[in-house]
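Okay, so here's the structure we're looking at.
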2 protein chains.
Amino acid sequence: MKLQQLRYLREVIRCNLNITAAAAALHTSQPGVSRQIGLLEEELGLRLFRRSGRSLKQLTPAGAILARQIDVLLNQAEQIQRMAADLSAPDQGTLTIATTHTQARYLLPPVVSRFRERYPKVRLHLNQGTPQQVSAMVTQGEADFALATEALEHTEMLLALPCYRWGHCLLVPSEHPLNAIRPLTLEAITDFPIVTYIFGFTGRSRLDAAFSDRGLTPNVVLKAADADVIKTYVRLGLGVGIIANIAYEPDKDTDLSALDASALFGCNITRLGIRRDDFLPRYAYDFIEMLAPHLSRECIEQSRELSQQQLDEAFGFGAALSGSG
Amino acid sequence: MKLQQLRYLREVIRCNLNITAAAAALHTSQPGVSRQIGLLEEELGLRLFRRSGRSLKQLTPAGAILARQIDVLLNQAEQIQRMAADLSAPDQGTLTIATTHTQARYLLPPVVSRFRERYPKVRLHLNQGTPQQVSAMVTQGEADFALATEALEHTEMLLALPCYRWGHCLLVPSEHPLNAIRPLTLEAITDFPIVTYIFGFTGRSRLDAAFSDRGLTPNVVLKAADADVIKTYVRLGLGVGIIANIAYEPDKDTDLSALDASALFGCNITRLGIRRDDFLPRYAYDFIEMLAPHLSRECIEQSRELSQQQLDEAFGFGAALSGSG
DNA sequence: CCCCATTACGTAGCACGTAACAATG
DNA sequence: CATTGTTACGTGCTACGTAATGGGG
């Protein structure tokens, strides 16, 4: 039994039992993969795949059981390699962060600056995507951790650590009538066309919930994936914007006013998503601590053992907040 | 990184950093091991051993960290192989049981008979030893499971599942004056010389505790490791025996009387010891179920996740019983 | 001077790639 | 007939064993 054979097997399964695709993904020849799978089956004394003619149709029950264990083993092997890399050169390596627009654009820049100063030799990758893509990147091991407000707490594979809380704000041109209304109400907002996020982005679900709880139907005339697009259309006078309040930049957005709406829409929690069984190098923990000082290495390592529910309790969040907010 | 290199490394560490001994244990050449260790260090980019001149003095801190992870990985690899063997030929293989005299001599014979009938192709090994040896055999992977009344619950590595409870009995010649004393008391027993187990065997600690709780000092004239020896000396009239009541065989011991003493000495629990992270083939679970019907496969697999304390609670034993009984 | 690890060197095995082949839809 | 997996075959790498070398206690 060779580690390579197990890697081949894993890749074949990942490629929906397509040996050709697996070989391509592994940058090796197709017959080589086929052969090693065959040898592995021979050594283990059982068929891992149910074949119909020449093509692999499905995993045998035994194959499925073993594949699960083999995944664990390969993860462990990769962890050992990462640990060795970290131990041999603690300030070198790669850090890949999967994140959404809002975090990448407004939250991370200062953290990235500090990090690059502290660890100039670490190659930093920022992968932007939708919350779902971000979550998938981490679960599939393509990124070291994720940062997003949505979708991270949906799988027990990930540890979704609360990073910080934020609310929404209303974005209006300086001369807009809403500037005069105090206190701001959902009803007042509903009188105007609205420009905000598409569903599943940056707390959009919380906005919808707030309106529908009051029996209101907002007139959303434009849905965008990020605050920059929203600002552009607010400037064109298309409607009033609702964005994350961290996305308002007082220095640059001097032609717009931000009216805090945290009280209306409730607060959101941006979470840090880490694979439960993943080893992270020292600099990754340092990055996280720069981002959220309460998430020390010690704190994270203790959290790994907890269920998501226990975690939320430990951090003092009820079920309401740990939902789709 | 090859599995073989990791196996070599593990063996070198097991052999107290002696490469020559490790090579011998692995049935391979000494330079081969030396070379592979070197290649592994090169690939990982760090020294695993602190060398003084040519000999390995100790593990480096990094080496120690990695060695722990590597142990986990190799265990996982071996587990996969065992699982494959079980899946490919569920009624073939080897079952090694580590146990003490009492269990091997009085408890296991009928179970073994049934098992051999059901699984004629399984090679069954019974390894007898002291409770400490028995425990060590399982923790070191030399046996699949252990059966003993003592020493198994001392390490969290093992799952010590309660198998059955038993008490002691007093063994006396047919004409002995104690036959007439009802009810039996500790004081009455203390009037006679006693023949029983050496310390650490078959509930001996419970006997001592019972006497000392009453402020009594028994006159133990012979200490033996097993009931057969004890019976022999009781027959010679050396004293009265105190043995596990399962060790009294009414058919064969017709010249001796057994007086139940469970009430005097309390009950003991014989436990089944399994490595928490170990995979057992189907026939092993069947053996266990023949031995103790309440220990189904399902029950055991659920127990693996529990701490020893949770386990004792689940089985309804308090701290008093889970002690050295 | 003995013990032990490393280096040197030759060999045998095996993983891999190219090419040809088989089978399925 | 296109796609995919298996068999055939040659090659280059490498793990391993034997032998020689180097260092400590």
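Residues in the structure tokens are named by chain (A, B, ... in the order shown) and by number from 1 within that chain; ligands are numbered from 1 in the order shown.
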
Self-check item: Interface list for chain C, partner chain B, 9 Å threshold, only C-alpha atoms (C1' of nucleotides), as a ChimeraX atom specification
Solution: /C:4-6

Quiz item: Which neighbours of range 10-16 of chain C fall inside 10 Å, counting only C-alpha atoms (C1' of nucleotides), when residues of the same chain fewer than 4 positions from it are skipped, and could you give them as an MDAnalysis selection string?
Solution: (chainID A and resid 28:29 31:33 35:36) or (chainID D and resid 11:18)

Please, could you write that set of residues out with C-alpha atoms (C1' of nucleotides) as a compact mmCIF listing (two decimals), in the first residue's frame?
```
# COMPACT_ATOMS: atom_id res chain seq x y z
CA THR A 28 0.21 11.85 -14.82
CA SER A 29 -0.75 9.23 -17.35
CA PRO A 31 -2.77 3.96 -17.60
CA GLY A 32 -0.56 4.68 -14.61
CA VAL A 33 -3.54 5.57 -12.48
CA ARG A 35 -2.69 0.28 -13.00
CA GLN A 36 -2.08 1.56 -9.47
C1' DT D 11 12.92 2.92 -19.57
C1' DG D 12 14.58 5.49 -15.81
C1' DC D 13 14.40 6.06 -11.01
C1' DT D 14 15.06 4.39 -6.51
C1' DA D 15 14.94 1.39 -2.70
C1' DC D 16 17.72 -2.05 -1.05
C1' DG D 17 21.65 -5.01 -0.03
C1' DT D 18 26.83 -5.56 0.31
```

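Shell of Ser174 in chain A at 12 Å, with only C-alpha atoms (C1' of nucleotides) counted and residues fewer than 2 places along the chain excluded, is Leu170, Leu171, Val172, His176, Pro177, Leu178, Asn179, Ala180, Val234, Arg235, Gly237, Val240, Asp253, Thr254, Asp255, Leu256, Ser257, Ala258 and Leu259 of chain A.
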
Output of the above residues as a short mmCIF file (atom, residue, chain, number, x, y, z; two decimals), in the first residue's frame, restricted to all heavy atoms:
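Listing of result-v4.cif after writing:
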```
data_model
loop_
_atom_site.label_atom_id
_atom_site.label_comp_id
_atom_site.auth_asym_id
_atom_site.auth_seq_id
_atom_site.Cartn_x
_atom_site.Cartn_y
_atom_site.Cartn_z
N LEU A 170 -28.00 53.00 5.87
CA LEU A 170 -28.73 53.48 4.71
C LEU A 170 -27.83 54.50 4.03
O LEU A 170 -27.25 55.36 4.68
CB LEU A 170 -30.02 54.15 5.19
CG LEU A 170 -31.19 54.08 4.24
CD1 LEU A 170 -31.63 52.63 4.08
CD2 LEU A 170 -32.32 54.93 4.79
N LEU A 171 -27.72 54.39 2.74
CA LEU A 171 -26.84 55.27 2.00
C LEU A 171 -27.70 56.15 1.09
O LEU A 171 -28.41 55.64 0.22
CB LEU A 171 -25.89 54.41 1.17
CG LEU A 171 -24.63 55.06 0.64
CD1 LEU A 171 -23.71 55.43 1.81
CD2 LEU A 171 -23.93 54.11 -0.31
N VAL A 172 -27.64 57.46 1.31
CA VAL A 172 -28.48 58.37 0.52
C VAL A 172 -27.65 59.57 0.05
O VAL A 172 -26.65 59.93 0.68
CB VAL A 172 -29.68 58.89 1.35
CG1 VAL A 172 -30.61 57.74 1.70
CG2 VAL A 172 -29.20 59.59 2.62
N HIS A 176 -31.01 64.16 0.28
CA HIS A 176 -32.17 63.27 0.24
C HIS A 176 -33.13 63.53 1.41
O HIS A 176 -32.68 63.79 2.53
CB HIS A 176 -31.69 61.82 0.25
CG HIS A 176 -32.73 60.83 -0.16
ND1 HIS A 176 -33.67 60.35 0.68
CD2 HIS A 176 -32.99 60.24 -1.36
CE1 HIS A 176 -34.45 59.49 0.05
NE2 HIS A 176 -34.04 59.42 -1.21
N PRO A 177 -34.44 63.44 1.17
CA PRO A 177 -35.42 63.69 2.26
C PRO A 177 -35.23 62.78 3.47
O PRO A 177 -35.53 63.19 4.60
CB PRO A 177 -36.78 63.44 1.59
CG PRO A 177 -36.50 62.87 0.23
CD PRO A 177 -35.10 63.23 -0.14
N LEU A 178 -34.72 61.56 3.27
CA LEU A 178 -34.57 60.65 4.41
C LEU A 178 -33.59 61.19 5.45
O LEU A 178 -33.64 60.81 6.62
CB LEU A 178 -34.10 59.26 3.95
CG LEU A 178 -35.20 58.30 3.49
CD1 LEU A 178 -34.61 57.02 2.95
CD2 LEU A 178 -36.16 58.00 4.63
N ASN A 179 -32.71 62.10 5.01
CA ASN A 179 -31.77 62.71 5.95
C ASN A 179 -32.49 63.40 7.09
O ASN A 179 -31.96 63.51 8.19
CB ASN A 179 -30.91 63.74 5.22
CG ASN A 179 -29.68 63.10 4.61
OD1 ASN A 179 -28.99 62.35 5.30
ND2 ASN A 179 -29.41 63.40 3.35
N ALA A 180 -33.70 63.86 6.81
CA ALA A 180 -34.41 64.66 7.80
C ALA A 180 -35.24 63.81 8.76
O ALA A 180 -35.70 64.30 9.78
CB ALA A 180 -35.32 65.66 7.08
N VAL A 234 -26.58 54.58 -6.32
CA VAL A 234 -27.15 55.59 -5.40
C VAL A 234 -26.75 56.98 -5.90
O VAL A 234 -27.55 57.91 -5.91
CB VAL A 234 -26.65 55.36 -3.96
CG1 VAL A 234 -27.04 56.54 -3.06
CG2 VAL A 234 -27.24 54.06 -3.41
N ARG A 235 -25.53 57.10 -6.36
CA ARG A 235 -25.05 58.39 -6.89
C ARG A 235 -25.84 58.79 -8.12
O ARG A 235 -26.08 59.97 -8.37
CB ARG A 235 -23.57 58.28 -7.28
CG ARG A 235 -22.65 58.20 -6.07
CD ARG A 235 -21.19 58.48 -6.42
NE ARG A 235 -20.41 58.64 -5.21
CZ ARG A 235 -19.66 57.67 -4.67
NH1 ARG A 235 -19.56 56.50 -5.26
NH2 ARG A 235 -19.03 57.89 -3.54
N GLY A 237 -28.85 58.30 -8.45
CA GLY A 237 -30.20 58.64 -8.00
C GLY A 237 -31.22 57.54 -8.25
O GLY A 237 -32.42 57.76 -8.19
N VAL A 240 -32.30 54.53 -2.76
CA VAL A 240 -31.46 54.61 -1.56
C VAL A 240 -30.75 53.27 -1.38
O VAL A 240 -31.32 52.21 -1.66
CB VAL A 240 -32.30 54.96 -0.30
CG1 VAL A 240 -33.04 56.27 -0.52
CG2 VAL A 240 -33.26 53.85 0.04
N ASP A 253 -16.57 58.89 0.40
CA ASP A 253 -17.98 58.99 0.05
C ASP A 253 -18.58 60.30 0.57
O ASP A 253 -19.67 60.32 1.16
CB ASP A 253 -18.75 57.79 0.63
CG ASP A 253 -18.21 56.47 0.11
OD1 ASP A 253 -17.68 56.46 -1.03
OD2 ASP A 253 -18.31 55.46 0.83
N THR A 254 -17.87 61.40 0.34
CA THR A 254 -18.30 62.69 0.90
C THR A 254 -19.62 63.17 0.29
O THR A 254 -20.33 63.96 0.89
CB THR A 254 -17.23 63.77 0.67
OG1 THR A 254 -16.83 63.72 -0.71
CG2 THR A 254 -16.02 63.52 1.55
N ASP A 255 -19.95 62.68 -0.91
CA ASP A 255 -21.19 63.11 -1.54
C ASP A 255 -22.39 62.31 -1.07
O ASP A 255 -23.52 62.55 -1.49
CB ASP A 255 -21.07 63.00 -3.06
CG ASP A 255 -20.66 61.60 -3.49
OD1 ASP A 255 -20.01 60.88 -2.67
OD2 ASP A 255 -20.99 61.19 -4.60
N LEU A 256 -22.15 61.33 -0.22
CA LEU A 256 -23.24 60.48 0.27
C LEU A 256 -23.31 60.56 1.79
O LEU A 256 -22.30 60.80 2.46
CB LEU A 256 -23.01 59.02 -0.14
CG LEU A 256 -22.94 58.73 -1.65
CD1 LEU A 256 -22.55 57.29 -1.90
CD2 LEU A 256 -24.26 59.05 -2.32
N SER A 257 -24.50 60.34 2.32
CA SER A 257 -24.64 60.26 3.77
C SER A 257 -24.95 58.82 4.16
O SER A 257 -25.70 58.14 3.46
CB SER A 257 -25.81 61.13 4.26
OG SER A 257 -25.65 62.45 3.80
N ALA A 258 -24.39 58.40 5.28
CA ALA A 258 -24.70 57.06 5.80
C ALA A 258 -25.54 57.23 7.04
O ALA A 258 -25.13 57.92 7.98
CB ALA A 258 -23.41 56.32 6.12
N LEU A 259 -26.72 56.63 7.05
CA LEU A 259 -27.59 56.70 8.23
C LEU A 259 -27.59 55.33 8.87
O LEU A 259 -28.00 54.34 8.26
CB LEU A 259 -29.01 57.08 7.80
CG LEU A 259 -29.13 58.27 6.83
CD1 LEU A 259 -30.57 58.47 6.40
CD2 LEU A 259 -28.57 59.53 7.50
#
```

Quiz item: Per DSSP on the backbone, what are the strand (DSSP E) residues of range 66-175 of chain A, as a PyMOL selection string?
Solution: chain A and resi 93-99+122-128+145-148+158-166+168-173

May I have the residues within 12 Å of Asn16 in chain B as a PDB file with N, CA and C atoms, in the first residue's frame, using only C-alpha atoms (C1' of nucleotides) and disregarding those fewer than 5 positions away in the same chain?
```pdb
ATOM      1  N   LEU B   9      11.054   5.253  10.585  1.00  0.00           N
ATOM      2  CA  LEU B   9      11.222   6.254  11.632  1.00  0.00           C
ATOM      3  C   LEU B   9      10.600   5.780  12.942  1.00  0.00           C
ATOM      4  N   ARG B  10       9.383   5.278  12.833  1.00  0.00           N
ATOM      5  CA  ARG B  10       8.707   4.826  14.050  1.00  0.00           C
ATOM      6  C   ARG B  10       9.515   3.741  14.755  1.00  0.00           C
ATOM      7  N   GLU B  11      10.040   2.824  13.955  1.00  0.00           N
ATOM      8  CA  GLU B  11      10.775   1.717  14.558  1.00  0.00           C
ATOM      9  C   GLU B  11      12.070   2.203  15.205  1.00  0.00           C
ATOM     10  N   ALA B  21      19.220  -1.718  15.589  1.00  0.00           N
ATOM     11  CA  ALA B  21      18.162  -2.548  16.163  1.00  0.00           C
ATOM     12  C   ALA B  21      16.884  -2.431  15.346  1.00  0.00           C
ATOM     13  N   ALA B  22      16.580  -1.212  14.909  1.00  0.00           N
ATOM     14  CA  ALA B  22      15.360  -1.010  14.128  1.00  0.00           C
ATOM     15  C   ALA B  22      15.427  -1.813  12.831  1.00  0.00           C
ATOM     16  N   PHE B  49      16.451  14.152  14.337  1.00  0.00           N
ATOM     17  CA  PHE B  49      17.251  13.695  15.476  1.00  0.00           C
ATOM     18  C   PHE B  49      18.382  14.669  15.762  1.00  0.00           C
ATOM     19  N   SER B  55      26.073   9.011  16.357  1.00  0.00           N
ATOM     20  CA  SER B  55      24.938   8.310  16.950  1.00  0.00           C
ATOM     21  C   SER B  55      23.800   9.285  17.259  1.00  0.00           C
ATOM     22  N   LEU B  56      22.591   8.757  17.248  1.00  0.00           N
ATOM     23  CA  LEU B  56      21.408   9.569  17.488  1.00  0.00           C
ATOM     24  C   LEU B  56      21.226   9.730  18.990  1.00  0.00           C
ATOM     25  N   LYS B  57      21.198  10.959  19.424  1.00  0.00           N
ATOM     26  CA  LYS B  57      21.130  11.206  20.860  1.00  0.00           C
ATOM     27  C   LYS B  57      19.692  11.373  21.339  1.00  0.00           C
ATOM     28  N   GLN B  58      18.915  12.165  20.619  1.00  0.00           N
ATOM     29  CA  GLN B  58      17.521  12.368  21.023  1.00  0.00           C
ATOM     30  C   GLN B  58      16.751  12.949  19.854  1.00  0.00           C
ATOM     31  N   LEU B  59      15.450  12.934  20.015  1.00  0.00           N
ATOM     32  CA  LEU B  59      14.600  13.571  19.017  1.00  0.00           C
ATOM     33  C   LEU B  59      14.696  15.090  19.164  1.00  0.00           C
TER      34      LEU B  59
END
```

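Within 7 Å of chain B, counting only C-alpha atoms, chain A contributes Lys2, Leu3, Leu44, Gly45, Leu46, Ala62, Leu66, Gln69, Leu73, Gln76, Ala77, Ile80, Gln81, Ala84, Ala85, Leu87 and Ser88 of chain A.
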
Quiz item: Which neighbours of range 242-249 of chain A fall inside 7 Å, counting only C-alpha atoms (C1' of nucleotides), when residues of the same chain fewer than 6 positions from it are skipped, and could you give them as a list of chain:residue names?
Solution: A:Thr102, A:Tyr106, A:Gly167, A:His168, A:Cys169, A:Leu170, A:Leu171, A:Val195, A:Thr196, A:Ala227, A:Ala258
